[in-house]
Structure formats: C-alpha cells, structure tokens
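File shown: coords.pdb (PDB, C-alpha atoms and all ligand atoms).
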```
ATOM      1  CA  MET A1352     -78.248 -52.682-107.701
ATOM      2  CA  VAL A1353     -81.660 -52.292-109.351
ATOM      3  CA  ILE A1354     -84.284 -49.841-108.078
ATOM      4  CA  ILE A1355     -87.689 -49.107-109.594
ATOM      5  CA  LYS A1356     -89.449 -45.885-108.598
ATOM      6  CA  GLU A1357     -91.697 -43.130-109.852
ATOM      7  CA  ILE A1358     -89.872 -40.510-111.931
ATOM      8  CA  ASN A1359     -90.754 -37.130-113.373
ATOM      9  CA  THR A1360     -91.845 -36.434-116.934
ATOM     10  CA  GLU A1361     -88.562 -34.883-118.070
ATOM     11  CA  SER A1362     -86.497 -37.909-117.019
ATOM     12  CA  THR A1363     -88.760 -40.242-118.936
ATOM     13  CA  ILE A1364     -88.711 -38.057-122.030
ATOM     14  CA  GLN A1365     -84.937 -38.134-122.183
ATOM     15  CA  ILE A1366     -84.894 -41.954-122.393
ATOM     16  CA  ARG A1367     -87.897 -42.129-124.738
ATOM     17  CA  HIS A1368     -86.205 -39.752-127.143
ATOM     18  CA  GLU A1369     -82.834 -41.496-127.091
ATOM     19  CA  VAL A1370     -84.330 -44.975-127.584
ATOM     20  CA  MET A1371     -87.446 -44.541-129.694
ATOM     21  CA  TRP A1372     -87.116 -41.528-131.971
ATOM     22  CA  PRO A1373     -83.532 -40.201-131.738
ATOM     23  CA  ASN A1374     -83.783 -38.614-135.190
ATOM     24  CA  LYS A1375     -86.921 -36.624-134.389
ATOM     25  CA  PRO A1376     -87.049 -33.473-132.261
ATOM     26  CA  ARG A1377     -87.249 -34.162-128.510
ATOM     27  CA  ASP A1378     -90.816 -32.834-128.366
ATOM     28  CA  PHE A1379     -91.898 -35.608-130.748
ATOM     29  CA  VAL A1380     -91.940 -38.051-127.811
ATOM     30  CA  ARG A1381     -93.959 -35.771-125.548
ATOM     31  CA  LEU A1382     -97.581 -36.807-124.930
ATOM     32  CA  GLU A1383    -100.219 -34.155-124.419
ATOM     33  CA  ASN A1384    -101.381 -35.852-121.214
ATOM     34  CA  ASP A1385     -97.887 -36.586-119.845
ATOM     35  CA  ASP A1386     -98.552 -34.378-116.824
ATOM     36  CA  ARG A1387    -101.487 -36.644-115.885
ATOM     37  CA  GLY A1388     -99.468 -39.843-116.305
ATOM     38  CA  LYS A1389     -97.536 -41.859-113.762
ATOM     39  CA  HIS A1390     -94.002 -42.477-114.921
ATOM     40  CA  PHE A1391     -91.835 -45.279-113.597
ATOM     41  CA  GLY A1392     -88.124 -45.790-114.095
ATOM     42  CA  LEU A1393     -85.701 -48.641-113.471
ATOM     43  CA  PHE A1394     -82.286 -47.560-112.209
ATOM     44  CA  LYS A1395     -79.235 -49.803-112.551
ATOM     45  CA  ASN A1396     -76.486 -48.583-110.224
ATOM     46  CA  ASN A1397     -78.171 -45.161-110.034
ATOM     47  CA  ARG A1398     -78.432 -44.837-113.812
ATOM     48  CA  LEU A1399     -81.911 -44.561-115.329
ATOM     49  CA  VAL A1400     -82.027 -47.275-117.997
ATOM     50  CA  SER A1401     -85.676 -48.178-118.572
ATOM     51  CA  VAL A1402     -88.923 -46.170-118.455
ATOM     52  CA  ILE A1403     -92.656 -46.710-118.809
ATOM     53  CA  SER A1404     -95.673 -44.402-118.412
ATOM     54  CA  LEU A1405     -99.148 -45.240-117.130
ATOM     55  CA  PHE A1406    -102.375 -43.455-117.997
ATOM     56  CA  GLU A1407    -105.582 -44.342-116.188
ATOM     57  CA  THR A1408    -109.101 -43.881-117.523
ATOM     58  CA  GLU A1409    -112.075 -45.262-115.633
ATOM     59  CA  ASN A1410    -110.177 -48.011-113.821
ATOM     60  CA  VAL A1411    -108.403 -49.154-116.969
ATOM     61  CA  VAL A1412    -104.710 -48.395-117.496
ATOM     62  CA  GLN A1413    -102.800 -47.877-120.712
ATOM     63  CA  PHE A1414     -99.033 -48.121-120.624
ATOM     64  CA  ARG A1415     -97.107 -46.110-123.171
ATOM     65  CA  LYS A1416     -93.574 -45.246-124.242
ATOM     66  CA  PHE A1417     -91.862 -48.279-122.751
ATOM     67  CA  ALA A1418     -88.150 -48.023-123.512
ATOM     68  CA  THR A1419     -84.802 -49.384-122.328
ATOM     69  CA  LEU A1420     -81.491 -47.789-123.303
ATOM     70  CA  VAL A1421     -80.106 -49.791-126.232
ATOM     71  CA  GLU A1422     -76.970 -50.960-124.435
ATOM     72  CA  PHE A1423     -79.087 -52.266-121.532
ATOM     73  CA  GLN A1424     -81.658 -54.114-123.665
ATOM     74  CA  GLY A1425     -81.975 -57.907-123.527
ATOM     75  CA  LYS A1426     -80.782 -58.095-119.917
ATOM     76  CA  GLY A1427     -84.164 -58.442-118.268
ATOM     77  CA  TYR A1428     -84.597 -54.833-117.078
ATOM     78  CA  GLY A1429     -87.670 -54.179-119.234
ATOM     79  CA  SER A1430     -89.244 -57.396-117.947
ATOM     80  CA  GLN A1431     -88.607 -56.335-114.335
ATOM     81  CA  LEU A1432     -90.183 -52.945-114.981
ATOM     82  CA  LEU A1433     -93.195 -54.423-116.770
ATOM     83  CA  ARG A1434     -93.749 -56.947-113.954
ATOM     84  CA  HIS A1435     -93.516 -54.084-111.463
ATOM     85  CA  ILE A1436     -96.217 -52.041-113.166
ATOM     86  CA  ILE A1437     -98.481 -55.086-113.616
ATOM     87  CA  ASN A1438     -98.179 -55.739-109.856
ATOM     88  CA  TYR A1439     -98.790 -52.040-109.193
ATOM     89  CA  CYS A1440    -101.976 -52.119-111.303
ATOM     90  CA  GLN A1441    -103.170 -55.290-109.583
ATOM     91  CA  LYS A1442    -102.654 -53.703-106.163
ATOM     92  CA  LYS A1443    -104.589 -50.645-107.311
ATOM     93  CA  GLU A1444    -107.354 -53.036-108.435
ATOM     94  CA  TYR A1445    -107.483 -51.704-111.960
ATOM     95  CA  SER A1446    -109.572 -53.992-114.141
ATOM     96  CA  LYS A1447    -107.390 -54.031-117.236
ATOM     97  CA  ILE A1448    -104.040 -52.952-118.592
ATOM     98  CA  TRP A1449    -103.462 -52.409-122.315
ATOM     99  CA  CYS A1450    -101.017 -51.005-124.824
ATOM    100  CA  ASN A1451    -100.435 -50.216-128.463
ATOM    101  CA  ALA A1452     -97.726 -52.798-129.094
ATOM    102  CA  ARG A1453     -95.207 -52.409-131.865
ATOM    103  CA  GLU A1454     -95.841 -55.432-134.094
ATOM    104  CA  ASN A1455     -92.313 -56.773-133.452
ATOM    105  CA  LYS A1456     -92.881 -56.715-129.664
ATOM    106  CA  THR A1457     -96.141 -58.684-129.456
ATOM    107  CA  SER A1458     -94.477 -61.996-128.501
ATOM    108  CA  PHE A1459     -92.621 -60.184-125.713
ATOM    109  CA  TYR A1460     -95.914 -58.941-124.214
ATOM    110  CA  GLN A1461     -97.546 -62.351-124.641
ATOM    111  CA  LYS A1462     -95.033 -63.730-122.134
ATOM    112  CA  PHE A1463     -96.660 -61.420-119.552
ATOM    113  CA  GLY A1464    -100.174 -62.593-120.357
ATOM    114  CA  PHE A1465    -101.140 -59.825-122.763
ATOM    115  CA  LYS A1466    -103.539 -60.982-125.481
ATOM    116  CA  LEU A1467    -103.716 -59.704-129.032
ATOM    117  CA  THR A1468    -106.899 -57.872-129.949
ATOM    118  CA  GLU A1469    -108.165 -57.453-133.495
ATOM    119  CA  LYS A1470    -107.401 -53.744-133.407
ATOM    120  CA  SER A1471    -104.304 -52.542-135.239
ATOM    121  CA  PHE A1472    -103.100 -49.390-136.968
ATOM    122  CA  MET A1473    -100.118 -47.790-138.659
ATOM    123  CA  LYS A1474     -98.418 -44.685-137.277
ATOM    124  CA  SER A1475     -95.171 -43.037-138.392
ATOM    125  CA  GLY A1476     -94.399 -46.085-140.543
ATOM    126  CA  ILE A1477     -94.777 -48.610-137.693
ATOM    127  CA  GLU A1478     -97.560 -51.176-137.299
ATOM    128  CA  TYR A1479     -99.174 -51.331-133.867
ATOM    129  CA  ILE A1480    -101.511 -53.946-132.426
ATOM    130  CA  ILE A1481    -103.609 -53.277-129.364
ATOM    131  CA  MET A1482    -102.873 -55.832-126.643
ATOM    132  CA  GLU A1483    -104.574 -56.191-123.304
ATOM    133  CA  LYS A1484    -104.390 -58.083-120.053
ATOM    134  CA  SER A1485    -107.377 -58.481-117.780
ATOM    135  CA  LEU A1486    -106.542 -58.052-114.109
ATOM    136  CA  ASP A1487    -109.971 -59.121-112.855
ATOM    137  CA  VAL A1488    -109.100 -62.793-112.394
ATOM    138  CA  ILE A1489    -106.365 -62.026-109.918
ATOM    139  CA  THR A1490    -108.429 -59.388-108.147
ATOM    140  CA  ASN A1491    -111.321 -61.870-107.841
ATOM    141  CA  TRP A1492    -108.990 -64.597-106.692
ATOM    142  CA  ILE A1493    -107.584 -62.388-103.925
ATOM    143  CA  VAL A1494    -111.123 -61.430-102.859
ATOM    144  CA  CYS A1495    -112.146 -65.124-102.726
ATOM    145  CA  GLU A1496    -109.006 -66.083-100.832
ATOM    146  CA  ASN A1497    -109.713 -63.454 -98.196
ATOM    147  CA  LYS A1498    -113.293 -64.618 -97.591
TER     148      LYS A1498
HETATM  149  C1  LIG A1501     -89.337 -53.268-125.506
HETATM  150  C2  LIG A1501     -88.171 -52.926-124.583
HETATM  151  C3  LIG A1501     -88.594 -51.782-123.672
HETATM  152  C4  LIG A1501     -87.851 -54.162-123.735
HETATM  153  O1  LIG A1501     -86.837 -53.785-122.779
HETATM  154  P1  LIG A1501     -85.639 -54.750-122.405
HETATM  155  O2  LIG A1501     -84.978 -54.154-121.218
HETATM  156  O3  LIG A1501     -84.799 -55.046-123.594
HETATM  157  O4  LIG A1501     -86.461 -56.057-121.981
HETATM  158  P2  LIG A1501     -85.880 -57.470-121.503
HETATM  159  O5  LIG A1501     -84.404 -57.456-121.500
HETATM  160  O6  LIG A1501     -86.558 -57.825-120.249
HETATM  161  O7  LIG A1501     -86.437 -58.443-122.620
HETATM  162  C5  LIG A1501     -86.036 -58.280-123.983
HETATM  163  C6  LIG A1501     -85.707 -59.642-124.533
HETATM  164  O8  LIG A1501     -84.581 -60.162-123.887
HETATM  165  C7  LIG A1501     -84.919 -61.401-123.269
HETATM  166  N1  LIG A1501     -84.223 -61.444-121.974
HETATM  167  C8  LIG A1501     -84.706 -61.059-120.782
HETATM  168  N2  LIG A1501     -83.762 -61.249-119.842
HETATM  169  C9  LIG A1501     -82.691 -61.712-120.468
HETATM  170  C10 LIG A1501     -81.418 -62.066-120.039
HETATM  171  N3  LIG A1501     -81.058 -61.979-118.751
HETATM  172  N4  LIG A1501     -80.539 -62.485-120.968
HETATM  173  C11 LIG A1501     -80.889 -62.573-122.255
HETATM  174  N5  LIG A1501     -82.099 -62.227-122.735
HETATM  175  C12 LIG A1501     -82.978 -61.818-121.850
HETATM  176  C13 LIG A1501     -86.416 -61.353-123.093
HETATM  177  O9  LIG A1501     -86.956 -62.652-123.022
HETATM  178  C14 LIG A1501     -86.828 -60.633-124.332
HETATM  179  O10 LIG A1501     -86.814 -61.502-125.445
HETATM  180  P3  LIG A1501     -87.860 -61.289-126.670
HETATM  181  O11 LIG A1501     -87.711 -59.868-127.140
HETATM  182  O12 LIG A1501     -87.418 -62.308-127.645
HETATM  183  O13 LIG A1501     -89.219 -61.513-126.094
HETATM  184  C15 LIG A1501     -86.897 -52.584-125.407
HETATM  185  O14 LIG A1501     -86.668 -53.597-126.367
HETATM  186  C16 LIG A1501     -86.972 -51.247-126.131
HETATM  187  O15 LIG A1501     -86.744 -50.195-125.565
HETATM  188  N6  LIG A1501     -87.301 -51.286-127.435
HETATM  189  C17 LIG A1501     -87.363 -50.059-128.255
HETATM  190  C18 LIG A1501     -88.616 -49.285-127.944
HETATM  191  C19 LIG A1501     -89.843 -50.157-128.088
HETATM  192  O16 LIG A1501     -89.988 -50.899-129.057
HETATM  193  N7  LIG A1501     -90.724 -50.064-127.093
HETATM  194  C20 LIG A1501     -91.879 -50.870-127.027
HETATM  195  C21 LIG A1501     -92.950 -50.311-127.866
HETATM  196  S1  LIG A1501     -94.344 -51.400-127.882
END
```
Can you give me the file's structure in the form of structure tokens?
Ligand SMILES: CC(C)(COP(=O)(O)OP(=O)(O)OC[C@H]1O[C@@H](n2cnc3c(N)ncnc32)[C@H](O)[C@@H]1OP(=O)(O)O)[C@@H](O)C(=O)NCCC(=O)NCCS
Amino acid sequence: MVIIKEINTESTIQIRHEVMWPNKPRDFVRLENDDRGKHFGLFKNNRLVSVISLFETENVVQFRKFATLVEFQGKGYGSQLLRHIINYCQKKEYSKIWCNARENKTSFYQKFGFKLTEKSFMKSGIEYIIMEKSLDVITNWIVCENK
C-alpha cells in the first residue's frame, strides 16, 4: 500500500543523506530553512521510501532534495510523489513551481511539464539547471470553468 503524507524534517533528512550524499556528514543535507519547509514522504507498506521538500516564497514554490531509496528507484514512486506535490501546489493556487535539477534528471522533469531555463550552475561537482513549471494555466482554466 502506498501513502503520501507530510513528514517531519528529521525523517526527510535520513532519506536525503542515504540517497544523495551518503559519504558526507549527515548535516551536509540539512538546509538552513528546513524548519520553514513543507516535507512530504511516500510510504510503501509503512516504509518511508521517497521524500521531497517544498519552500514557498511569494506564491512561488521551489522543491528541493527529492530522493527515493536506491532499491525503490525506477518503480514509479518518485513520479507519484512529484505528481502529488504538483497537485498540492495547484490546489494552493501557487503560480509556479521550480527546482534546481541535476543535469541527468532534466528529461525526467520534462515529463511532468517542467521547462528548462537558461540558468545553470555547478555545485559540489554536479551541474544543475533551473527548471520551472507555470501553474497559472490550470488555475485560470479552473476559474474559467467555474464561471
Ligand atoms: C530522481 C528520483 C527522486 C526519482 O525517483 P524514482 O522513485 O526513481 O522515480 P520513478 O521511479 O517515478 O521514475 C524514475 C524512472 O523510472 C521510470 N519509471 C517510472 N515507473 C516505472 C515503472 N513502474 N517501471 C519502470 N520504470 C519506471 C520513470 O519513467 C523514470 O525514467 P527516467 O529516469 O528515464 O525519466 C531518484 O532517481 C533519486 O532519488 N535520485 C537520486 C537523487 C536525485 O538525483 N534527486 C533529484 C535531484 S534533481
């Protein structure tokens, strides 16, 4: 059984550390604004296997530290979690959702309607490209439909 729900910071950090930077100290995956973020987790049979964190600024949301346990990757759990948070952001009527995408993950995000921007950077030896998805179209469509 799969359940997606909000989780606390410590739970998300455990998965982030294990998946993203296992060779760095655990605090390496902590974000200074983690306590102001909204963290979501996907549970498969009560086991937390995928996490993602949302940070809102002025009606725009950045998602960060998206990670699925290695042995659970490629089974669709990350896609379910990403779809969940896109729906969540649409319901909240945020105007845009964006992320710093690892270069090797850009085609994955494109499947969800994220577009590449011209902004990119290197950090800790990894190339990142900023990707974004406007949520306005859907919000406007719902408004029109309800008129
Ligand atoms: C990015 C990440 C969170 C995706 O999580 P995931 O649970 O593996 O995601 P999914 O299983 O839904 O999708 C992964 C791939 O499997 C494919 N897939 C989805 N369901 C599938 C299924 N049932 N069977 C086979 N493949 C499937 C997807 O199409 C996707 O393919 P792609 O990478 O070629 O686009 C995961 O790869 C991860 O933790 N990576 C390391 C950390 C990282 O890079 N984070 C992102 C930083 S931008």
Find the axis-aligned box for ligand LIG 1501 (chain A), covering all its listed atoms and adding 8 Å on each side, and write its centre and edge lengths in Å to one decimal as JSON.
```
{"center_x": -87.4, "center_y": -56.0, "center_z": -123.9, "size_x": 29.8, "size_y": 29.4, "size_z": 26.3}
```
Point-to-point distance in Å for CA of Glu1454 (chain A) and CA of Lys1356 (chain A)
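Between these atoms lies a distance of 28.0 Å.
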What are the closest atom pairs, with distances in Å to one decimal, for all residues of chain A lying within 8 Å of ligand LIG 1501 (chain A)? Consider only C-alpha atoms and all ligand atoms, order rows by chain and residue number, and present the result as JSON lines.
```
{"residue": "A:Arg1367", "atom": "CA", "partner": "A:LIG1501", "partner_atom": "C18", "distance": 7.9}
{"residue": "A:Val1370", "atom": "CA", "partner": "A:LIG1501", "partner_atom": "C17", "distance": 6.0}
{"residue": "A:Met1371", "atom": "CA", "partner": "A:LIG1501", "partner_atom": "C18", "distance": 5.2}
{"residue": "A:Ser1401", "atom": "CA", "partner": "A:LIG1501", "partner_atom": "O2", "distance": 6.6}
{"residue": "A:Val1402", "atom": "CA", "partner": "A:LIG1501", "partner_atom": "C3", "distance": 7.7}
{"residue": "A:Arg1415", "atom": "CA", "partner": "A:LIG1501", "partner_atom": "C21", "distance": 7.5}
{"residue": "A:Lys1416", "atom": "CA", "partner": "A:LIG1501", "partner_atom": "C21", "distance": 6.3}
{"residue": "A:Phe1417", "atom": "CA", "partner": "A:LIG1501", "partner_atom": "N7", "distance": 4.8}
{"residue": "A:Ala1418", "atom": "CA", "partner": "A:LIG1501", "partner_atom": "O15", "distance": 3.3}
{"residue": "A:Thr1419", "atom": "CA", "partner": "A:LIG1501", "partner_atom": "O15", "distance": 3.9}
{"residue": "A:Leu1420", "atom": "CA", "partner": "A:LIG1501", "partner_atom": "O15", "distance": 6.2}
{"residue": "A:Val1421", "atom": "CA", "partner": "A:LIG1501", "partner_atom": "O15", "distance": 6.7}
{"residue": "A:Phe1423", "atom": "CA", "partner": "A:LIG1501", "partner_atom": "O2", "distance": 6.2}
{"residue": "A:Gln1424", "atom": "CA", "partner": "A:LIG1501", "partner_atom": "O3", "distance": 3.3}
{"residue": "A:Gly1425", "atom": "CA", "partner": "A:LIG1501", "partner_atom": "O5", "distance": 3.2}
{"residue": "A:Lys1426", "atom": "CA", "partner": "A:LIG1501", "partner_atom": "O5", "distance": 4.0}
{"residue": "A:Gly1427", "atom": "CA", "partner": "A:LIG1501", "partner_atom": "O6", "distance": 3.2}
{"residue": "A:Tyr1428", "atom": "CA", "partner": "A:LIG1501", "partner_atom": "O2", "distance": 4.2}
{"residue": "A:Gly1429", "atom": "CA", "partner": "A:LIG1501", "partner_atom": "O2", "distance": 3.3}
{"residue": "A:Ser1430", "atom": "CA", "partner": "A:LIG1501", "partner_atom": "O6", "distance": 3.6}
{"residue": "A:Gln1431", "atom": "CA", "partner": "A:LIG1501", "partner_atom": "O6", "distance": 6.4}
{"residue": "A:Cys1450", "atom": "CA", "partner": "A:LIG1501", "partner_atom": "S1", "distance": 7.4}
{"residue": "A:Asn1451", "atom": "CA", "partner": "A:LIG1501", "partner_atom": "S1", "distance": 6.2}
{"residue": "A:Ala1452", "atom": "CA", "partner": "A:LIG1501", "partner_atom": "S1", "distance": 3.9}
{"residue": "A:Arg1453", "atom": "CA", "partner": "A:LIG1501", "partner_atom": "S1", "distance": 4.2}
{"residue": "A:Glu1454", "atom": "CA", "partner": "A:LIG1501", "partner_atom": "S1", "distance": 7.6}
{"residue": "A:Asn1455", "atom": "CA", "partner": "A:LIG1501", "partner_atom": "O16", "distance": 7.7}
{"residue": "A:Lys1456", "atom": "CA", "partner": "A:LIG1501", "partner_atom": "S1", "distance": 5.8}
{"residue": "A:Thr1457", "atom": "CA", "partner": "A:LIG1501", "partner_atom": "S1", "distance": 7.7}
{"residue": "A:Ser1458", "atom": "CA", "partner": "A:LIG1501", "partner_atom": "O13", "distance": 5.8}
{"residue": "A:Phe1459", "atom": "CA", "partner": "A:LIG1501", "partner_atom": "O13", "distance": 3.7}
{"residue": "A:Tyr1460", "atom": "CA", "partner": "A:LIG1501", "partner_atom": "O13", "distance": 7.4}
{"residue": "A:Lys1462", "atom": "CA", "partner": "A:LIG1501", "partner_atom": "O13", "distance": 7.4}
{"residue": "A:Tyr1479", "atom": "CA", "partner": "A:LIG1501", "partner_atom": "S1", "distance": 7.7}
```
**Prompt:** Using the chain letters and numbers from the file, which residues does the PyMOL selection byres (((chain A and resi 1410) around 9) and not hetatm) grab, as a list in words?
**Reply:**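 Selection result, ordered by chain and number: Glu1407, Thr1408, Glu1409, Val1411, Val1412, Lys1443, Glu1444, Tyr1445, Ser1446 and Lys1447 of chain A.
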CA of Leu1486 (chain A) sits from CA of Val1400 (chain A) at a separation of 27.1 Å
Item to check | A:Glu1478, A:Glu1469, A:Glu1357, A:Asp1487 ranked by distance to Ser1404 (chain A), top pick (using all atoms listed in the file) | outcome: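 Nearest candidate to Ser1404 (chain A) out of A:Glu1478, A:Glu1469, A:Glu1357, A:Asp1487: A:Glu1357.
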Give me the result of the PyMOL selection byres (((chain A and resi 1467) around 9) and not hetatm) on this file, residue by residue, as a PyMOL selection string.
chain A and resi 1457+1461+1465-1466+1468-1470+1480-1483
Same residues, C-alpha atoms, saved as a PDB file, keeping the file's coordinate frame:
```
ATOM      1  CA  THR A1457     -96.141 -58.684-129.456  1.00  0.00           C
ATOM      2  CA  GLN A1461     -97.546 -62.351-124.641  1.00  0.00           C
ATOM      3  CA  PHE A1465    -101.140 -59.825-122.763  1.00  0.00           C
ATOM      4  CA  LYS A1466    -103.539 -60.982-125.481  1.00  0.00           C
ATOM      5  CA  THR A1468    -106.899 -57.872-129.949  1.00  0.00           C
ATOM      6  CA  GLU A1469    -108.165 -57.453-133.495  1.00  0.00           C
ATOM      7  CA  LYS A1470    -107.401 -53.744-133.407  1.00  0.00           C
ATOM      8  CA  ILE A1480    -101.511 -53.946-132.426  1.00  0.00           C
ATOM      9  CA  ILE A1481    -103.609 -53.277-129.364  1.00  0.00           C
ATOM     10  CA  MET A1482    -102.873 -55.832-126.643  1.00  0.00           C
ATOM     11  CA  GLU A1483    -104.574 -56.191-123.304  1.00  0.00           C
TER      12      GLU A1483
END
```
CA of Arg1387 (chain A) sits from CA of Phe1406 (chain A) at a separation of 7.2 Å
Kindly assemble as CSV a list of the region 1377-1430 of chain A residues that lie within 8 Å of region 1359-1363 of chain A, each paired with its nearest atom pair and their distance in Å to one decimal, using all atoms listed in the file, sorted first by chain and then by ascending residue number.
```
residue,atom,partner,partner_atom,distance
A:Asp1385,CA,A:Thr1360,CA,6.7
A:Asp1386,CA,A:Thr1360,CA,7.0
A:His1390,CA,A:Asn1359,CA,6.4
A:Phe1391,CA,A:Thr1363,CA,8.0
A:Gly1392,CA,A:Thr1363,CA,7.4
A:Val1402,CA,A:Thr1363,CA,5.9
A:Ile1403,CA,A:Thr1363,CA,7.6
```
| field | Spatial neighbours of Arg1377 (chain A), max dist 9 Å, only C-alpha atoms, sep filter under 4 positions, as a ChimeraX atom specification | value | /A:1364-1365,1367-1369,1372-1373,1381
Nearest to Leu1433 (chain A), restricted to all atoms listed in the file and choosing among A:Ile1477, A:Lys1375, A:Leu1382, A:Ile1355, comes out as A:Ile1355
